[in-house]
file entry.cif (mmCIF, C-alpha atoms)
data_coords
#
loop_
_atom_site.label_atom_id
_atom_site.label_comp_id
_atom_site.auth_asym_id
_atom_site.auth_seq_id
_atom_site.Cartn_x
_atom_site.Cartn_y
_atom_site.Cartn_z
CA MET W 815 69.16 62.74 -40.53
CA TRP W 816 70.33 61.00 -37.38
CA LYS W 817 69.57 62.97 -34.26
CA LEU W 818 70.93 62.70 -30.73
CA LYS W 819 68.39 62.43 -27.95
CA PRO W 820 68.54 65.37 -25.55
CA PRO W 821 70.09 64.51 -22.17
CA LEU W 822 67.68 63.67 -19.43
CA ASP W 823 67.14 66.37 -16.81
CA THR W 824 68.31 64.88 -13.50
CA PRO W 825 66.51 66.33 -10.47
CA LEU W 826 68.83 68.38 -8.33
CA SER W 827 67.93 66.27 -5.26
CA LEU W 828 69.41 63.22 -7.03
CA LYS W 829 72.22 64.99 -8.83
CA TYR W 830 73.73 66.27 -5.60
CA LYS W 831 72.52 63.51 -3.30
CA HIS W 832 76.01 62.12 -2.64
CA ILE W 833 77.25 65.60 -1.68
CA LEU W 834 74.29 66.28 0.61
CA GLU W 835 74.67 62.91 2.36
CA GLN W 836 78.28 63.74 3.17
CA ARG W 837 77.25 67.00 4.82
CA ILE W 838 74.43 65.57 6.97
CA PRO W 839 75.72 64.88 10.52
CA ILE W 840 75.72 61.22 11.45
CA ASP W 841 73.14 60.34 14.10
CA PRO W 842 75.17 58.99 17.05
CA ALA W 843 72.47 56.41 17.69
CA THR W 844 73.27 54.72 14.37
CA LEU W 845 76.81 54.06 15.57
CA ILE W 846 75.61 52.09 18.60
CA ASN W 847 75.29 48.47 17.52
CA LEU W 848 73.07 47.04 20.24
CA LYS W 849 70.88 44.02 19.63
CA ARG W 850 67.59 45.55 20.68
CA LEU W 851 64.27 43.80 20.76
CA SER W 852 60.94 45.62 20.43
CA ALA W 853 60.15 48.63 22.60
CA GLU W 854 57.54 46.56 24.45
CA GLU W 855 60.16 43.93 25.31
CA GLU W 856 62.79 46.51 26.28
CA PHE W 857 60.54 48.82 28.33
CA PRO W 858 61.55 48.70 32.03
CA ASN W 859 59.26 47.50 34.79
CA LEU W 860 58.32 50.70 36.62
CA SER W 861 55.40 49.33 38.63
CA ARG W 862 57.27 49.70 41.95
CA SER W 863 59.11 52.91 41.14
CA CYS W 864 58.33 55.98 43.25
CA THR W 865 60.56 58.32 41.21
CA ASN W 866 59.48 61.19 39.01
CA MET W 867 61.01 59.36 36.06
CA ALA W 868 58.42 56.61 36.41
CA LYS W 869 55.61 59.19 36.48
CA VAL W 870 56.76 60.75 33.20
CA LEU W 871 58.03 57.88 31.05
CA THR W 872 55.42 56.05 28.98
CA LEU W 873 55.78 53.23 26.49
CA GLN W 874 54.95 55.55 23.59
CA MET W 875 57.56 58.09 24.73
CA TYR W 876 60.07 55.26 25.14
CA LYS W 877 59.39 54.13 21.57
CA ARG W 878 60.08 57.61 20.21
CA LEU W 879 63.18 58.38 22.26
CA ARG W 880 65.02 55.08 22.65
CA VAL W 881 66.45 55.37 19.12
CA LYS W 882 68.06 58.74 19.87
CA ALA W 883 71.43 59.59 21.38
CA THR W 884 73.49 62.67 22.11
CA LYS W 885 76.68 63.29 20.11
CA SER W 886 78.70 61.66 22.89
CA GLY W 887 76.45 58.57 22.77
CA PHE W 888 74.21 58.97 25.85
CA THR W 889 70.86 57.24 25.40
CA LEU W 890 67.46 57.24 27.08
CA ASP W 891 68.24 53.91 28.75
CA ASP W 892 71.38 55.47 30.24
CA ILE W 893 69.28 58.38 31.52
CA ILE W 894 66.64 56.31 33.31
CA GLN W 895 68.88 53.55 34.74
CA PRO W 896 69.15 55.08 38.29
CA GLY W 897 65.36 55.04 38.67
CA VAL W 898 65.13 51.50 37.32
CA ASP W 899 67.77 50.27 39.80
CA ASN W 900 66.44 52.27 42.77
CA PRO W 901 62.64 52.17 42.54
CA ASP W 902 62.01 52.65 46.27
CA ASN W 903 63.48 56.15 46.56
CA LEU W 904 60.74 58.02 48.43
CA SER W 905 62.41 61.45 48.40
CA GLY W 906 60.00 64.14 47.22
CA ARG W 907 62.46 65.33 44.58
CA ALA W 908 63.78 61.91 43.54
CA ALA W 909 64.28 62.37 39.81
CA GLY W 910 65.25 58.77 39.10
CA CYS W 911 67.39 59.84 36.17
CA VAL W 912 70.56 61.70 35.21
CA ALA W 913 71.91 63.67 32.26
CA GLY W 914 75.08 62.43 30.61
CA ASP W 915 76.05 65.71 29.01
CA GLU W 916 74.77 69.20 28.27
CA GLU W 917 73.01 68.01 25.12
CA SER W 918 70.87 65.48 27.03
CA TYR W 919 68.42 68.18 28.06
CA ASP W 920 67.87 69.12 24.39
CA VAL W 921 67.86 65.74 22.63
CA PHE W 922 65.54 64.23 25.25
CA ARG W 923 63.55 67.37 25.95
CA GLU W 924 60.24 65.52 25.51
CA PHE W 925 61.18 63.50 28.59
CA PHE W 926 63.08 66.08 30.65
CA ASP W 927 60.67 69.03 30.35
CA PRO W 928 57.70 67.41 32.18
CA LEU W 929 60.10 65.75 34.63
CA ILE W 930 61.68 69.10 35.54
CA GLU W 931 58.23 70.52 36.22
CA LEU W 932 57.52 67.59 38.55
CA CYS W 933 60.79 68.08 40.41
CA HIS W 934 60.18 71.84 40.66
CA PRO W 935 56.43 72.46 41.15
CA GLY W 936 55.27 75.77 39.77
CA TYR W 937 58.31 76.36 37.61
CA GLN W 938 57.63 77.41 34.02
CA GLN W 939 60.41 76.87 31.53
CA ILE W 940 59.28 79.79 29.41
CA LYS W 941 60.78 82.05 32.08
CA MET W 942 64.40 83.12 31.92
CA HIS W 943 66.40 81.93 34.91
CA ARG W 944 67.42 84.76 37.24
CA SER W 945 70.50 84.84 39.44
CA ASP W 946 71.38 87.05 42.42
CA MET W 947 74.58 86.34 44.32
CA ASN W 948 74.86 89.71 46.05
CA PRO W 949 75.10 89.05 49.82
CA GLU W 950 73.95 92.62 50.53
CA ASN W 951 70.47 91.68 49.25
CA PHE W 952 70.17 88.94 51.88
CA LYS W 953 68.74 89.95 55.27
CA GLY W 954 68.56 88.45 58.74
CA GLY W 955 70.92 85.51 58.47
CA ALA W 956 73.35 86.43 61.24
CA ASP W 957 71.11 86.08 64.29
CA PHE W 958 69.91 82.48 64.50
CA ASP W 959 69.22 81.27 68.04
CA GLU W 960 72.22 78.99 68.58
CA GLN W 961 70.39 77.08 71.32
CA TYR W 962 68.55 75.54 68.38
CA VAL W 963 70.90 75.93 65.38
CA LEU W 964 73.99 73.71 65.32
CA SER W 965 75.52 74.60 61.95
CA CYS W 966 74.84 76.10 58.53
CA ARG W 967 75.98 75.16 55.05
CA ILE W 968 75.35 76.06 51.41
CA CYS W 969 76.34 73.83 48.51
CA THR W 970 75.93 73.73 44.75
CA GLY W 971 77.30 71.97 41.68
CA ARG W 972 78.90 73.17 38.47
CA ASN W 973 79.70 71.42 35.19
CA VAL W 974 82.25 72.55 32.62
CA GLU W 975 81.57 73.11 28.92
CA ASP W 976 82.91 70.61 26.36
CA TYR W 977 83.03 67.66 28.78
CA SER W 978 80.53 64.86 29.43
CA PHE W 979 79.08 64.66 32.93
CA PRO W 980 80.27 62.11 35.55
CA PRO W 981 77.71 59.41 34.54
CA HIS W 982 79.15 59.35 31.03
CA CYS W 983 82.62 60.91 30.84
CA SER W 984 85.60 58.81 29.80
CA ARG W 985 88.62 58.18 32.01
CA GLY W 986 90.59 60.67 29.97
CA GLU W 987 87.92 63.35 30.33
CA ARG W 988 87.72 62.76 34.07
CA ARG W 989 91.49 63.07 34.44
CA ALA W 990 91.56 66.21 32.32
CA LEU W 991 88.82 67.72 34.52
CA GLU W 992 90.78 66.91 37.67
CA LYS W 993 93.90 68.54 36.21
CA LEU W 994 91.88 71.63 35.26
CA ALA W 995 90.35 71.80 38.75
CA ILE W 996 93.74 71.59 40.46
CA GLN W 997 95.08 74.39 38.26
CA ALA W 998 92.04 76.56 39.06
CA LEU W 999 92.06 75.88 42.81
CA ILE W 1000 95.75 76.78 43.06
CA GLU W 1001 94.88 80.27 41.80
CA LEU W 1002 92.55 80.95 44.74
CA SER W 1003 94.11 83.27 47.30
CA SER W 1004 93.56 84.99 50.65
CA GLU W 1005 90.92 83.17 52.73
CA PHE W 1006 90.62 80.62 49.91
CA ASN W 1007 94.19 79.35 50.09
CA GLY W 1008 93.95 75.59 50.48
CA THR W 1009 95.08 72.05 49.71
CA TYR W 1010 93.90 69.42 47.23
CA TYR W 1011 93.72 65.74 48.21
CA SER W 1012 93.52 63.07 45.53
CA LEU W 1013 91.34 60.18 46.72
CA ASN W 1014 93.55 57.89 44.69
CA THR W 1015 96.55 58.58 46.93
CA LEU W 1016 94.84 59.58 50.18
CA GLY W 1017 96.49 58.02 53.22
CA GLU W 1018 94.57 56.45 56.10
CA GLU W 1019 95.46 59.19 58.61
CA GLU W 1020 94.48 61.97 56.19
CA GLN W 1021 91.24 60.16 55.45
CA LYS W 1022 90.36 59.97 59.17
CA ARG W 1023 91.20 63.65 59.66
CA LEU W 1024 89.07 64.78 56.71
CA THR W 1025 86.19 62.53 57.79
CA SER W 1026 86.20 63.87 61.36
CA ALA W 1027 86.16 67.43 59.94
CA GLY W 1028 83.00 66.65 57.96
CA ILE W 1029 84.82 67.03 54.63
CA LEU W 1030 84.84 63.35 53.65
CA HIS W 1031 82.07 60.81 54.12
CA GLU W 1032 82.78 57.29 55.31
CA ASP W 1033 80.90 55.79 52.36
CA PRO W 1034 80.84 58.27 49.44
CA LEU W 1035 79.33 55.78 46.99
CA SER W 1036 75.55 55.92 47.16
CA PRO W 1037 73.30 53.56 45.16
CA LEU W 1038 72.58 56.50 42.82
CA MET W 1039 76.28 56.96 42.05
CA VAL W 1040 76.75 53.26 41.34
CA SER W 1041 73.67 52.74 39.15
CA SER W 1042 74.15 55.99 37.20
CA GLY W 1043 77.77 55.24 36.32
CA MET W 1044 79.20 58.09 38.38
CA ALA W 1045 81.19 55.61 40.47
CA ARG W 1046 83.06 54.06 37.54
CA ASP W 1047 86.80 53.62 38.24
CA TRP W 1048 86.40 55.01 41.76
CA PRO W 1049 88.50 56.70 43.11
CA ASP W 1050 90.49 57.48 39.93
CA ALA W 1051 90.67 61.23 39.18
CA ARG W 1052 88.50 62.14 42.16
CA GLY W 1053 89.52 64.41 44.97
CA VAL W 1054 88.54 67.00 47.52
CA TRP W 1055 89.99 70.43 48.22
CA HIS W 1056 89.47 72.65 51.26
CA ASN W 1057 90.75 76.04 52.31
CA ASN W 1058 92.95 76.43 55.38
CA ASP W 1059 89.97 77.24 57.60
CA LYS W 1060 88.12 74.12 56.36
CA ASN W 1061 84.95 76.09 55.73
CA PHE W 1062 85.08 76.21 51.89
CA ILE W 1063 85.24 72.82 50.17
CA VAL W 1064 85.31 71.69 46.55
CA TRP W 1065 84.65 68.08 45.50
CA VAL W 1066 86.01 67.11 42.07
CA ASN W 1067 84.31 64.56 39.78
CA LYS W 1068 81.67 63.29 42.14
CA GLU W 1069 78.01 63.95 41.18
CA ASP W 1070 79.09 66.90 39.03
CA HIS W 1071 82.45 68.14 37.77
CA LEU W 1072 82.60 70.40 40.83
CA ARG W 1073 80.66 70.38 44.09
CA ILE W 1074 81.20 73.60 46.05
CA ILE W 1075 80.38 73.84 49.77
CA SER W 1076 80.54 76.70 52.25
CA MET W 1077 79.88 75.75 55.89
CA GLN W 1078 80.55 76.56 59.52
CA GLN W 1079 79.44 75.72 63.02
CA GLY W 1080 76.90 77.98 64.71
CA GLY W 1081 74.10 80.07 63.31
CA ASN W 1082 75.66 82.77 61.13
CA MET W 1083 74.26 81.99 57.68
CA THR W 1084 75.26 85.45 56.45
CA GLN W 1085 78.97 84.61 56.74
CA VAL W 1086 78.39 81.26 55.03
CA PHE W 1087 76.61 82.96 52.12
CA GLN W 1088 79.26 85.66 51.74
CA ARG W 1089 81.99 83.04 51.55
CA TYR W 1090 79.90 80.97 49.14
CA CYS W 1091 79.35 83.91 46.76
CA PHE W 1092 82.91 85.23 46.78
CA GLY W 1093 84.55 81.81 46.42
CA LEU W 1094 82.18 80.62 43.68
CA LYS W 1095 82.54 83.85 41.70
CA LYS W 1096 86.33 83.58 41.84
CA LEU W 1097 86.22 79.99 40.61
CA GLU W 1098 83.84 80.88 37.79
CA GLU W 1099 86.11 83.73 36.70
CA ILE W 1100 89.19 81.46 36.70
CA TYR W 1101 87.43 78.79 34.62
CA ARG W 1102 86.20 81.41 32.16
CA LYS W 1103 89.73 82.74 31.71
CA LYS W 1104 90.87 79.19 30.97
CA ARG W 1105 88.17 79.04 28.26
CA HIS W 1106 86.22 76.38 30.11
CA PRO W 1107 83.16 78.25 31.45
CA PHE W 1108 80.46 76.66 33.57
CA ILE W 1109 77.45 75.43 31.58
CA PHE W 1110 74.50 77.82 31.76
CA LYS W 1111 71.24 77.86 29.77
CA TYR W 1112 68.82 80.76 29.98
CA TYR W 1113 65.80 78.51 30.74
CA LEU W 1114 67.58 75.96 32.96
CA GLY W 1115 70.18 78.06 34.77
CA TYR W 1116 73.33 76.15 35.68
CA VAL W 1117 73.09 72.73 34.06
CA LEU W 1118 73.79 69.88 36.47
CA THR W 1119 73.75 66.10 36.27
CA CYS W 1120 70.50 65.64 38.22
CA PRO W 1121 67.45 67.57 36.94
CA SER W 1122 66.33 68.11 40.55
CA GLU W 1123 69.37 70.41 41.02
CA LEU W 1124 68.96 72.66 37.97
CA GLY W 1125 68.89 76.45 38.17
CA THR W 1126 70.94 77.79 41.03
CA GLY W 1127 71.87 74.30 42.18
CA LEU W 1128 71.81 75.86 45.64
CA ARG W 1129 70.94 73.84 48.73
CA ALA W 1130 71.06 75.92 51.89
CA SER W 1131 70.71 73.71 54.94
CA VAL W 1132 70.53 74.42 58.65
CA HIS W 1133 71.16 71.70 61.22
CA LEU W 1134 68.92 72.34 64.20
CA LYS W 1135 67.15 70.72 67.10
CA LEU W 1136 63.36 70.90 67.14
CA ASP W 1137 61.94 69.06 70.15
CA HIS W 1138 58.33 70.17 69.86
CA ILE W 1139 57.21 71.48 66.47
CA SER W 1140 58.69 68.36 64.84
CA LYS W 1141 56.02 66.32 66.67
CA HIS W 1142 53.17 68.57 65.51
CA GLN W 1143 50.69 66.77 63.27
CA LYS W 1144 51.04 69.49 60.63
CA PHE W 1145 54.85 69.65 60.67
CA SER W 1146 55.19 68.23 57.13
CA GLU W 1147 52.49 70.57 55.83
CA ILE W 1148 54.21 73.57 57.46
CA LEU W 1149 57.49 72.69 55.76
CA GLN W 1150 55.73 72.29 52.43
CA ARG W 1151 54.09 75.70 52.78
CA LEU W 1152 57.49 77.22 53.56
CA ARG W 1153 58.97 75.44 50.50
CA LEU W 1154 61.36 73.56 52.77
CA GLU W 1155 62.20 69.91 53.30
CA ARG W 1156 63.74 67.95 56.18
CA HIS W 1157 66.33 65.23 56.52
CA PHE W 1158 67.72 63.45 59.55
CA ILE W 1159 71.43 64.02 60.19
CA GLY W 1160 73.79 61.08 60.22
CA ASP W 1161 72.30 57.98 61.82
CA THR W 1162 68.56 58.17 61.17
CA HIS W 1163 67.48 56.37 64.33
CA THR W 1164 69.70 58.41 66.66
CA SER W 1165 68.84 61.71 64.98
CA ALA W 1166 65.13 60.97 65.11
CA GLU W 1167 65.33 60.33 68.85
CA LYS W 1168 67.19 63.60 69.41
CA ASN W 1169 64.89 65.56 67.05
CA ILE W 1170 67.88 66.85 65.08
CA TYR W 1171 67.11 67.78 61.49
CA SER W 1172 68.70 69.27 58.43
CA ILE W 1173 66.20 71.74 56.99
CA CYS W 1174 66.85 73.00 53.45
CA ASN W 1175 65.13 74.62 50.47
CA SER W 1176 63.07 72.29 48.29
CA ASP W 1177 63.49 74.48 45.17
CA THR W 1178 66.62 75.28 43.20
CA ILE W 1179 65.09 76.89 40.11
CA GLY W 1180 62.47 79.59 39.62
CA PHE W 1181 64.04 81.72 42.36
CA THR W 1182 67.35 83.54 42.73
CA GLU W 1183 70.02 82.44 45.18
CA VAL W 1184 69.09 85.27 47.55
CA GLU W 1185 65.38 84.45 47.36
CA LEU W 1186 65.99 80.77 48.14
CA LEU W 1187 68.26 81.58 51.07
CA GLN W 1188 65.78 84.14 52.40
CA MET W 1189 63.04 81.50 52.40
CA VAL W 1190 65.28 79.14 54.37
CA VAL W 1191 66.25 81.74 56.98
CA ASP W 1192 62.72 83.10 57.42
CA GLY W 1193 61.34 79.57 57.62
CA ILE W 1194 63.89 78.43 60.22
CA LYS W 1195 63.12 81.43 62.41
CA LEU W 1196 59.41 80.67 62.23
CA LEU W 1197 60.01 77.01 63.16
CA ILE W 1198 62.10 78.06 66.17
CA THR W 1199 59.37 80.50 67.27
CA MET W 1200 56.73 77.78 66.98
CA ASP W 1201 58.93 75.33 68.90
CA LYS W 1202 59.31 77.84 71.75
CA CYS W 1203 55.56 78.51 71.84
CA ILE W 1204 54.70 74.82 72.12
CA GLU W 1205 57.30 74.41 74.87
CA GLN W 1206 55.52 77.16 76.81
CA GLY W 1207 52.15 75.49 76.31
CA ALA W 1208 50.83 77.87 73.66
CA VAL W 1209 48.87 76.91 70.53
CA VAL W 1210 50.63 77.62 67.22
CA ASP W 1211 47.73 77.28 64.79
CA ASP W 1212 47.72 81.05 64.15
CA LEU W 1213 51.41 80.88 63.21
CA ILE W 1214 50.96 78.30 60.46
CA PRO W 1215 52.00 80.14 57.29
CA ALA W 1216 50.23 80.46 53.96
CA GLN W 1217 51.71 78.69 50.97
CA LYS W 1218 54.77 80.50 49.63
#
call {"tool": "encode", "arguments": {"input": "entry.cif", "output": "structure tokens"}}
result
Amino acid sequence: MWKLKPPLDTPLSLKYKHILEQRIPIDPATLINLKRLSAEEEFPNLSRSCTNMAKVLTLQMYKRLRVKATKSGFTLDDIIQPGVDNPDNLSGRAAGCVAGDEESYDVFREFFDPLIELCHPGYQQIKMHRSDMNPENFKGGADFDEQYVLSCRICTGRNVEDYSFPPHCSRGERRALEKLAIQALIELSSEFNGTYYSLNTLGEEEQKRLTSAGILHEDPLSPLMVSSGMARDWPDARGVWHNNDKNFIVWVNKEDHLRIISMQQGGNMTQVFQRYCFGLKKLEEIYRKKRHPFIFKYYLGYVLTCPSELGTGLRASVHLKLDHISKHQKFSEILQRLRLERHFIGDTHTSAEKNIYSICNSDTIGFTEVELLQMVVDGIKLLITMDKCIEQGAVVDDLIPAQK
């Protein structure tokens, strides 16, 4: 009797392979058709680089990560380009890299995690980021000695969910972000009533007026902005907004989607912080209602383009004149112990001669906004006290603080 052979049992993995392949997300890196040579031939020359990127990136890490990309197509080579182009950046927190989108910090976590720890010494990413924007918890910021303090300012950045960051966003994304920002800023009221100026249509007289008010800079395009891609199509879809009192400013599509600044002449940091908190909270609420919240991760805080700005993103700076303590041989060590850093204001040569500095917090993550601001205020007061003592001929060795 003729018999049929029983059908072969096809393994499920083969039987449904075509269905499974359709459901597996396509790796964005496979869509980028670049003619790459070997990792050894493509690895950048980092021998002169002083950035934290150069301290973290190794050839073996480059081999593992250069084949990856975020869903929007941002690669490791895009991330590290600023540090490759600007190797001589000697700033203590010079990251030498940028994120192109929110996903960058996850896809390239092997690279970013150690780099973030370099940029923020002592910070442990296993800790949940804490925030405190209650001005009532901040003490002693209203009584700076104005014979020393010239002005105060606080700034931060914010990026919006569902959009790539300025180094990577398309023209359409950038224009959509500007439109969203204008709609949000119009909703601000009371002391935050203001005007938006598109850089694309800004007249010469308006530009001079905004520059003299400290709102615009004469040359807004730094080497970092050019090499990172943030300056693409400048000044298309970029602009600046300020309230009527010109002490609350919002930059649109510069280093981040939004750059928020509260500032004023004189030494009342308390007023600056109150305005900063109230204005930023209102903006965040408006964006949330429009279903475009600011990007926040529990272990990174507010997610910004530069890893050196993660967490609060807060930089509280005080412009002051220090004739004596600035010449002390341990001045840099004192600032480091206070977790502060210094910058000359404006023209470096002129500012150095006049001993005028901008002193700000060196950390942005691992501390709350109030804690960071408190360190700045307490540190500035100590520096002023030490400056007065030296002027009177006293020794300040006993005033040198312990490491904070």
call {"tool": "resolve_selection", "arguments": {"input": "entry.cif", "expression": "the PyMOL selection byres ((chain W and resi 1134) around 7)", "output": "number ranges by chain"}}
result
W: 962-964, 1132-1133, 1135-1136, 1170-1172
call {"tool": "closest_residue", "arguments": {"input": "entry.cif", "among": "W:Val1210, W:Leu1186, W:Gly1115, W:Pro981", "to": "Lys1144 (chain W)", "atoms": "all atoms listed in the file"}}
result
W:Val1210
call {"tool": "resolve_selection", "arguments": {"input": "entry.cif", "expression": "the PyMOL selection byres ((chain W and resi 1071) around 8)", "output": "number ranges by chain"}}
result
W: 971-974, 979-980, 991, 1066-1070, 1072-1073
call {"tool": "write_last_selection", "arguments": {"input": "entry.cif", "atoms": "C-alpha atoms", "output": "PDB file, in the coordinates of the input"}}
result
ATOM      1  CA  GLY W 971      77.300  71.970  41.680  1.00  0.00           C
ATOM      2  CA  ARG W 972      78.900  73.170  38.470  1.00  0.00           C
ATOM      3  CA  ASN W 973      79.700  71.420  35.190  1.00  0.00           C
ATOM      4  CA  VAL W 974      82.250  72.550  32.620  1.00  0.00           C
ATOM      5  CA  PHE W 979      79.080  64.660  32.930  1.00  0.00           C
ATOM      6  CA  PRO W 980      80.270  62.110  35.550  1.00  0.00           C
ATOM      7  CA  LEU W 991      88.820  67.720  34.520  1.00  0.00           C
ATOM      8  CA  VAL W1066      86.010  67.110  42.070  1.00  0.00           C
ATOM      9  CA  ASN W1067      84.310  64.560  39.780  1.00  0.00           C
ATOM     10  CA  LYS W1068      81.670  63.290  42.140  1.00  0.00           C
ATOM     11  CA  GLU W1069      78.010  63.950  41.180  1.00  0.00           C
ATOM     12  CA  ASP W1070      79.090  66.900  39.030  1.00  0.00           C
ATOM     13  CA  LEU W1072      82.600  70.400  40.830  1.00  0.00           C
ATOM     14  CA  ARG W1073      80.660  70.380  44.090  1.00  0.00           C
TER      15      ARG W1073
END
call {"tool": "resolve_selection", "arguments": {"input": "entry.cif", "expression": "the PyMOL selection byres ((chain W and resi 932) around 10)", "output": "list in words"}}
result
Asn866, Met867, Lys869, Val870, Gly906, Arg907, Ala908, Ala909, Phe926, Asp927, Pro928, Leu929, Ile930, Glu931, Cys933, His934, Pro935, Gly936, Tyr937 and Ser1122 of chain W
call {"tool": "closest_residue", "arguments": {"input": "entry.cif", "among": "W:Gly1008, W:Gly887, W:Pro1121, W:Gly1193", "to": "Ile996 (chain W)", "atoms": "only C-alpha atoms"}}
result
W:Gly1008
